[in-house]
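Data block for model.csv (CSV, C-alpha atoms):
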```csv
chain,number,residue,atom,x,y,z
A,47,MET,CA,-2.3,28.0,2.7
A,48,PRO,CA,-5.1,30.1,1.2
A,49,THR,CA,-3.6,30.0,-2.3
A,50,PHE,CA,-1.9,27.4,-4.5
A,51,HIS,CA,1.8,27.2,-3.9
A,52,ARG,CA,4.6,24.9,-5.1
A,53,HIS,CA,8.2,24.2,-4.4
A,54,HIS,CA,10.7,21.8,-5.9
A,55,GLU,CA,11.0,19.4,-3.0
A,56,LEU,CA,9.3,16.2,-1.6
A,57,GLU,CA,7.0,17.1,1.2
A,58,LEU,CA,6.3,14.8,4.2
A,59,ASN,CA,3.2,15.9,6.1
A,60,LEU,CA,2.1,14.5,9.5
A,61,MET,CA,-1.4,15.2,10.8
A,62,LEU,CA,-1.3,15.7,14.6
A,63,GLY,CA,-5.0,16.3,15.1
A,64,GLY,CA,-8.2,16.9,13.2
A,65,SER,CA,-8.1,16.5,9.4
A,66,VAL,CA,-7.1,18.6,6.4
A,67,THR,CA,-8.3,18.3,2.8
A,68,TYR,CA,-5.8,19.3,0.1
A,69,LEU,CA,-6.3,20.1,-3.5
A,70,MET,CA,-3.4,19.1,-5.6
A,71,GLY,CA,-3.3,19.1,-9.4
A,72,GLY,CA,-7.1,19.3,-9.5
A,73,ARG,CA,-7.6,16.4,-7.2
A,74,ARG,CA,-8.5,16.2,-3.5
A,75,PHE,CA,-7.1,14.1,-0.7
A,76,THR,CA,-7.8,14.2,3.0
A,77,LEU,CA,-5.2,13.6,5.7
A,78,GLN,CA,-6.6,12.2,9.0
A,79,ALA,CA,-5.2,12.5,12.5
A,80,GLY,CA,-2.0,10.4,12.9
A,81,GLN,CA,-1.6,9.9,9.2
A,82,LEU,CA,1.5,10.6,7.1
A,83,ALA,CA,1.5,11.8,3.5
A,84,LEU,CA,4.3,12.1,1.0
A,85,LEU,CA,3.8,14.4,-2.0
A,86,TRP,CA,5.9,16.0,-4.8
A,87,ALA,CA,5.4,19.6,-3.9
A,88,ALA,CA,6.3,20.8,-7.4
A,89,MET,CA,2.6,20.0,-8.1
A,90,PRO,CA,0.7,23.1,-7.0
A,91,HIS,CA,-1.3,22.4,-3.9
A,92,ARG,CA,-3.4,24.2,-1.2
A,93,VAL,CA,-5.7,23.5,1.8
A,94,VAL,CA,-9.4,23.6,0.9
A,95,ALA,CA,-11.0,22.3,4.1
A,96,THR,CA,-10.1,21.6,7.7
A,97,GLN,CA,-11.7,19.8,10.7
A,98,ASP,CA,-10.8,21.1,14.1
A,99,PRO,CA,-8.5,20.7,15.9
A,100,ALA,CA,-6.5,20.7,12.7
A,101,ARG,CA,-2.8,20.5,13.5
A,102,VAL,CA,-0.2,19.5,10.9
A,103,VAL,CA,3.6,19.5,10.7
A,104,TRP,CA,5.6,19.0,7.6
A,105,LEU,CA,9.2,18.6,6.5
A,106,THR,CA,10.6,19.2,3.0
A,107,VAL,CA,13.4,17.3,1.4
A,108,PRO,CA,15.2,18.5,-1.8
A,109,LEU,CA,14.7,16.2,-4.8
A,110,GLN,CA,18.5,16.1,-5.2
A,111,GLN,CA,18.8,14.4,-1.8
A,112,VAL,CA,15.9,12.0,-2.4
A,113,LEU,CA,17.3,10.8,-5.8
A,114,GLN,CA,20.5,9.6,-4.0
A,115,TRP,CA,18.6,7.3,-1.6
A,116,ASN,CA,17.4,4.6,-4.1
A,117,LEU,CA,14.0,4.5,-2.5
A,118,PRO,CA,11.5,1.8,-3.6
A,119,ALA,CA,10.6,2.7,-7.2
A,120,ARG,CA,6.8,2.3,-6.8
A,121,LEU,CA,6.8,4.9,-3.9
A,122,LEU,CA,8.9,7.5,-5.6
A,123,ASN,CA,7.1,6.9,-9.0
A,124,ALA,CA,3.7,7.4,-7.4
A,125,ALA,CA,4.8,10.7,-5.7
A,126,LEU,CA,6.6,12.1,-8.8
A,127,HIS,CA,3.6,11.4,-11.0
A,128,GLY,CA,1.4,13.7,-8.9
A,129,ASN,CA,-0.1,11.2,-6.5
A,130,ALA,CA,-0.5,11.8,-2.7
A,131,VAL,CA,1.0,8.8,-1.0
A,132,LEU,CA,-1.0,8.3,2.2
A,133,GLY,CA,0.3,6.1,5.0
A,134,THR,CA,-1.9,3.1,5.8
A,135,ARG,CA,-0.5,2.7,9.3
A,136,THR,CA,-0.1,5.3,12.1
A,137,ASP,CA,3.2,5.3,14.0
A,138,PRO,CA,2.8,6.7,17.6
A,139,GLY,CA,6.5,7.7,17.4
A,140,ASP,CA,6.0,10.1,14.5
A,141,PRO,CA,5.1,13.3,16.5
A,142,GLU,CA,8.2,12.9,18.7
A,143,ARG,CA,10.3,12.0,15.6
A,144,PHE,CA,9.3,15.2,13.8
A,145,SER,CA,9.9,17.3,16.9
A,146,ASP,CA,13.4,15.8,17.2
A,147,TRP,CA,14.2,16.4,13.6
A,148,SER,CA,13.2,20.0,14.0
A,149,THR,CA,15.6,20.4,16.9
A,150,LEU,CA,18.4,18.7,15.1
A,151,LEU,CA,18.0,20.7,11.9
A,152,ASP,CA,18.3,23.9,14.0
A,153,SER,CA,21.8,22.8,15.0
A,154,SER,CA,24.8,23.8,13.0
A,155,ASP,CA,26.4,20.4,13.6
A,156,PRO,CA,26.7,18.5,10.3
A,157,GLU,CA,26.3,15.2,12.2
A,158,ALA,CA,22.9,16.4,13.4
A,159,ARG,CA,21.8,16.9,9.8
A,160,ARG,CA,23.2,13.5,8.8
A,161,ILE,CA,21.2,11.8,11.6
A,162,VAL,CA,18.0,13.5,10.3
A,163,LEU,CA,18.7,12.3,6.7
A,164,LEU,CA,19.3,8.7,7.8
A,165,GLU,CA,16.2,8.6,10.0
A,166,LEU,CA,14.1,10.3,7.3
A,167,GLU,CA,15.2,7.8,4.7
A,168,ALA,CA,14.3,4.9,7.0
A,169,ARG,CA,10.9,6.5,7.7
A,170,LEU,CA,10.1,6.7,4.0
A,171,ARG,CA,11.2,3.1,3.5
A,172,ARG,CA,8.7,2.1,6.3
A,173,LEU,CA,6.1,4.1,4.5
A,174,ALA,CA,6.8,2.2,1.3
A,175,LEU,CA,6.8,-1.2,3.1
A,176,HIS,CA,3.2,-0.9,4.3
A,177,TRP,CA,1.8,1.2,1.4
A,178,THR,CA,-0.5,-0.8,-0.8
A,179,GLY,CA,-0.6,1.7,-3.6
A,180,THR,CA,-4.4,2.0,-3.4
A,181,GLN,CA,-4.2,5.5,-1.8
A,182,ALA,CA,-2.5,7.1,-4.8
A,183,ASN,CA,-4.9,10.0,-5.6
A,184,GLY,CA,-4.4,10.5,-9.3
A,185,PRO,CA,-3.5,9.0,-12.7
A,186,ALA,CA,-1.6,5.7,-12.6
A,187,ALA,CA,2.0,6.1,-11.6
A,188,GLY,CA,4.7,5.2,-14.0
A,189,GLN,CA,6.4,1.9,-13.8
A,190,GLY,CA,9.9,3.0,-14.9
A,191,VAL,CA,12.9,1.7,-13.1
A,192,LEU,CA,14.6,4.4,-11.0
A,193,HIS,CA,18.3,4.6,-10.5
A,194,PRO,CA,20.1,6.4,-7.6
A,195,LEU,CA,22.2,9.2,-8.8
A,196,PRO,CA,25.4,10.9,-7.6
A,197,GLU,CA,24.9,14.3,-6.1
A,198,VAL,CA,26.0,16.3,-9.2
A,199,GLN,CA,23.7,14.4,-11.6
A,200,ALA,CA,20.8,14.5,-9.0
A,201,GLY,CA,21.2,18.3,-8.9
A,202,LYS,CA,20.9,18.6,-12.6
A,203,VAL,CA,17.7,16.6,-12.6
A,204,GLU,CA,16.3,18.8,-9.9
A,205,ARG,CA,17.2,21.9,-11.9
A,206,MET,CA,15.5,20.4,-15.0
A,207,THR,CA,12.3,19.8,-13.1
A,208,ALA,CA,12.4,23.4,-11.7
A,209,HIS,CA,12.9,24.7,-15.3
A,210,LEU,CA,9.9,22.7,-16.6
A,211,ALA,CA,7.7,23.8,-13.7
A,212,ALA,CA,8.5,27.5,-14.4
A,213,HIS,CA,8.0,27.3,-18.1
A,214,TYR,CA,5.5,24.5,-18.8
A,215,ALA,CA,2.7,27.0,-19.9
A,216,SER,CA,4.9,28.2,-22.7
A,217,PRO,CA,6.4,26.2,-25.6
A,218,VAL,CA,9.3,24.1,-24.2
A,219,ARG,CA,11.9,22.2,-26.2
A,220,LEU,CA,14.1,19.4,-24.9
A,221,ALA,CA,17.1,21.3,-26.2
A,222,ASP,CA,16.2,24.3,-23.9
A,223,VAL,CA,15.8,22.1,-20.9
A,224,ALA,CA,19.2,20.4,-21.6
A,225,ALA,CA,20.9,23.7,-22.2
A,226,HIS,CA,19.6,25.0,-18.8
A,227,VAL,CA,21.9,22.4,-17.1
A,228,ASN,CA,24.7,22.4,-19.7
A,229,LEU,CA,24.0,18.9,-21.1
A,230,ASN,CA,23.4,17.6,-24.5
A,231,PRO,CA,19.7,16.7,-25.2
A,232,THR,CA,20.3,13.0,-25.5
A,233,TYR,CA,22.2,12.7,-22.2
A,234,ALA,CA,19.8,15.0,-20.4
A,235,SER,CA,16.8,12.9,-21.6
A,236,THR,CA,18.5,9.7,-20.4
A,237,LEU,CA,19.4,11.1,-17.0
A,238,PHE,CA,15.9,12.5,-16.5
A,239,ARG,CA,14.3,9.1,-17.2
A,240,GLN,CA,16.8,7.2,-15.0
A,241,ALA,CA,16.1,9.5,-12.1
A,242,LEU,CA,12.3,10.0,-12.4
A,243,GLY,CA,11.1,7.0,-14.4
A,244,THR,CA,9.4,9.2,-17.0
A,245,THR,CA,10.5,11.2,-20.0
A,246,VAL,CA,10.8,15.0,-20.2
A,247,VAL,CA,7.8,15.2,-22.5
A,248,GLU,CA,5.7,13.0,-20.2
A,249,TYR,CA,6.6,15.1,-17.2
A,250,LEU,CA,5.8,18.3,-19.1
A,251,THR,CA,2.5,16.9,-20.1
A,252,GLN,CA,1.7,15.9,-16.5
A,253,LEU,CA,2.3,19.5,-15.4
A,254,ARG,CA,0.1,20.9,-18.1
A,255,VAL,CA,-2.7,18.4,-17.3
A,256,ALA,CA,-2.5,19.3,-13.6
A,257,HIS,CA,-2.8,23.0,-14.5
A,258,ALA,CA,-5.9,22.3,-16.7
A,259,GLN,CA,-7.5,20.3,-13.9
A,260,ARG,CA,-7.1,23.2,-11.5
A,261,LEU,CA,-8.6,25.7,-13.9
A,262,LEU,CA,-11.5,23.4,-14.7
A,263,LEU,CA,-12.2,22.9,-11.0
A,264,THR,CA,-11.7,26.5,-9.8
A,265,THR,CA,-12.8,28.7,-12.7
A,266,THR,CA,-15.5,29.0,-15.3
A,267,LEU,CA,-13.1,29.5,-18.2
A,268,PRO,CA,-14.2,27.9,-21.4
A,269,VAL,CA,-12.3,24.6,-22.2
A,270,LEU,CA,-10.5,26.2,-25.1
A,271,ASP,CA,-9.1,28.9,-22.8
A,272,VAL,CA,-8.2,26.3,-20.2
A,273,MET,CA,-6.2,24.5,-22.9
A,274,GLN,CA,-4.3,27.6,-23.9
A,275,GLU,CA,-3.6,28.7,-20.3
A,276,ALA,CA,-2.2,25.2,-19.5
A,277,GLY,CA,0.3,25.4,-22.4
A,278,PHE,CA,-1.4,23.1,-24.9
A,279,GLN,CA,-1.2,24.2,-28.5
A,280,SER,CA,-3.6,21.8,-30.1
A,281,SER,CA,-7.2,21.1,-29.0
A,282,SER,CA,-7.1,17.5,-30.2
A,283,HIS,CA,-3.9,16.8,-28.4
A,284,PHE,CA,-5.2,18.4,-25.2
A,285,HIS,CA,-8.3,16.3,-25.3
A,286,GLU,CA,-6.3,13.1,-26.1
A,287,VAL,CA,-3.8,13.5,-23.2
A,288,PHE,CA,-6.3,14.8,-20.7
A,289,THR,CA,-8.7,11.9,-21.3
A,290,ARG,CA,-5.9,9.4,-21.2
A,291,ALA,CA,-4.6,10.8,-17.8
A,292,CYS,CA,-8.0,11.4,-16.2
A,293,GLN,CA,-10.2,8.7,-17.8
A,294,GLN,CA,-12.7,11.4,-18.8
A,295,SER,CA,-12.8,14.4,-21.0
A,296,PRO,CA,-12.2,17.9,-19.7
A,297,ARG,CA,-16.0,18.7,-19.8
A,298,GLU,CA,-16.8,15.4,-18.0
A,299,PHE,CA,-14.2,16.2,-15.4
A,300,ARG,CA,-15.7,19.7,-14.8
A,301,ARG,CA,-19.3,18.2,-14.5
A,302,GLN,CA,-18.1,15.5,-12.1
A,303,PHE,CA,-16.8,18.1,-9.6
A,304,ALA,CA,-19.6,20.6,-10.1
A,305,ALA,CA,-21.8,18.4,-7.8
A,306,ARG,CA,-19.2,18.5,-5.0
A,307,PRO,CA,-18.9,21.3,-2.4
A,308,SER,CA,-17.3,24.3,-4.1
A,309,VAL,CA,-13.6,25.1,-3.9
A,310,PRO,CA,-12.7,28.7,-3.3
A,311,PRO,CA,-11.0,30.1,-6.4
A,312,GLY,CA,-7.3,30.5,-6.1
A,313,PRO,CA,-4.4,31.7,-8.3
```

Spell out the structure here as structure tokens.
Amino acid sequence: MPTFHRHHELELNLMLGGSVTYLMGGRRFTLQAGQLALLWAAMPHRVVATQDPARVVWLTVPLQQVLQWNLPARLLNAALHGNAVLGTRTDPGDPERFSDWSTLLDSSDPEARRIVLLELEARLRRLALHWTGTQANGPAAGQGVLHPLPEVQAGKVERMTAHLAAHYASPVRLADVAAHVNLNPTYASTLFRQALGTTVVEYLTQLRVAHAQRLLLTTTLPVLDVMQEAGFQSSSHFHEVFTRACQQSPREFRRQFAARPSVPPGP
């Protein structure tokens, strides 16, 4: 993973050996051997360091599916707010479980897929059961109450997040997001908040802050250029929301990471 990439799914990573350090949204986290990590892969991420023998397997789950499971709100809130949820307990059965899921997903039998979904939901619930919340690697997660959604509504929320991720660096209106999924703005806003525990505006701001963090960390662009590249229209607004999210100004954020080992530039 030499460059940043993103996709609109939840990603579950299992470290089989060694360790891997990721950069996601301008922040780093390290996955150790035997450790499980859940992340919202719509946040651009890449590998920046490995320790041999680094072996990792992963599985992606569409947001539409996850929103139907009614997972513990604090777990899903943390992931959807750009945090890497790192497992605190290793499960010796995980490697075999991932291998079995891979085999079942290669099958054309719908029952095989159903088995994977049931077992995956249970594994995520176990992750939430033992997760203390102290491993979240980013701004504080939202505390909104999440509601499980029927398949059709969950699909619309997934499409709204994809639209925001594709256009956040440009001016975006709630009316445009709602029109993308053929809903009126009021209902689209309510549905989005019920599913993700945050508003459309808050989620849009989160994407822009994450973009700004990446640019501050991996480029030498002036702060004003970073602001514009990330989609912010006002310097004062940019500094306000960045400082609130990161507990430091953009310049302080850049200085803090300047003392760390360099991160190869990426798109």

Within 12 Å of (-3.7, 11.6, -20.9) (coordinates as in the file), grab all the protein and nucleic acid residues, counting only C-alpha atoms, and write them out as a ChimeraX atom specification. /A:184-186,248-256,258-259,282-296

Using all atoms listed in the file, pick whichever of A:Ala174, A:Met61, A:Leu163, A:Ala211 has the shortest atom-to-atom distance to A:Pro108.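 Nearest candidate to A:Pro108 out of A:Ala174, A:Met61, A:Leu163, A:Ala211: A:Leu163.
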
Quick one: residues within 7 Å of A:Ala87, all atoms listed in the file counted, chain neighbours fewer than 4 positions away excluded, as a PyMOL selection string? chain A and resi 52-57

Which of these, A:Asn129, A:Gln111, A:Leu263, A:Arg205, has the shortest distance to A:Ala225 once you count all atoms listed in the file? A:Arg205

Provide the atom CA of A:Pro194 to atom CA of A:Leu113 distance in Å, to one decimal place. 5.5 Å

Please compute the atom CA of A:Leu173-atom CA of A:Asp146 distance, one decimal, in Å.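 Separating atom CA of A:Leu173 from atom CA of A:Asp146 is a distance of 18.7 Å.
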
What's the 9 Å shell around A:Ala221, counting only C-alpha atoms, without same-chain residues fewer than 2 positions away, as a list in words?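 Answer for this query is Val218, Arg219, Val223, Ala224, Ala225, His226, Leu229, Asn230, Pro231, Thr232 and Ala234 of chain A.
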
With all atoms listed in the file as the basis for distance, which of A:Val198, A:Ala208, A:Leu85, A:Leu175 is at the shortest distance from A:Asn123?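 For A:Asn123, the nearest of the given residues is A:Leu85.
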
Residue with smallest distance to A:Arg301 - pool A:Glu275, A:His51, A:Leu262, A:Leu166, counting all atoms listed in the file: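 Looking at the shortest contact to A:Arg301, the residue is A:Leu262.
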
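With atom CA of A:Leu210 on one side and atom CA of A:Gly243 on the other, the separation reads 15.9 Å.
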
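The residue that comes closest to A:Val107, out of A:Leu195, A:Leu150, A:Ala168, A:Leu58 and on the basis of all atoms listed in the file, is A:Leu58.
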
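You can rank A:Ala79, A:Val112, A:Val272, A:Ala88 by their closest distance to A:Leu164 using all atoms listed in the file, and at the top of that list sits A:Val112.
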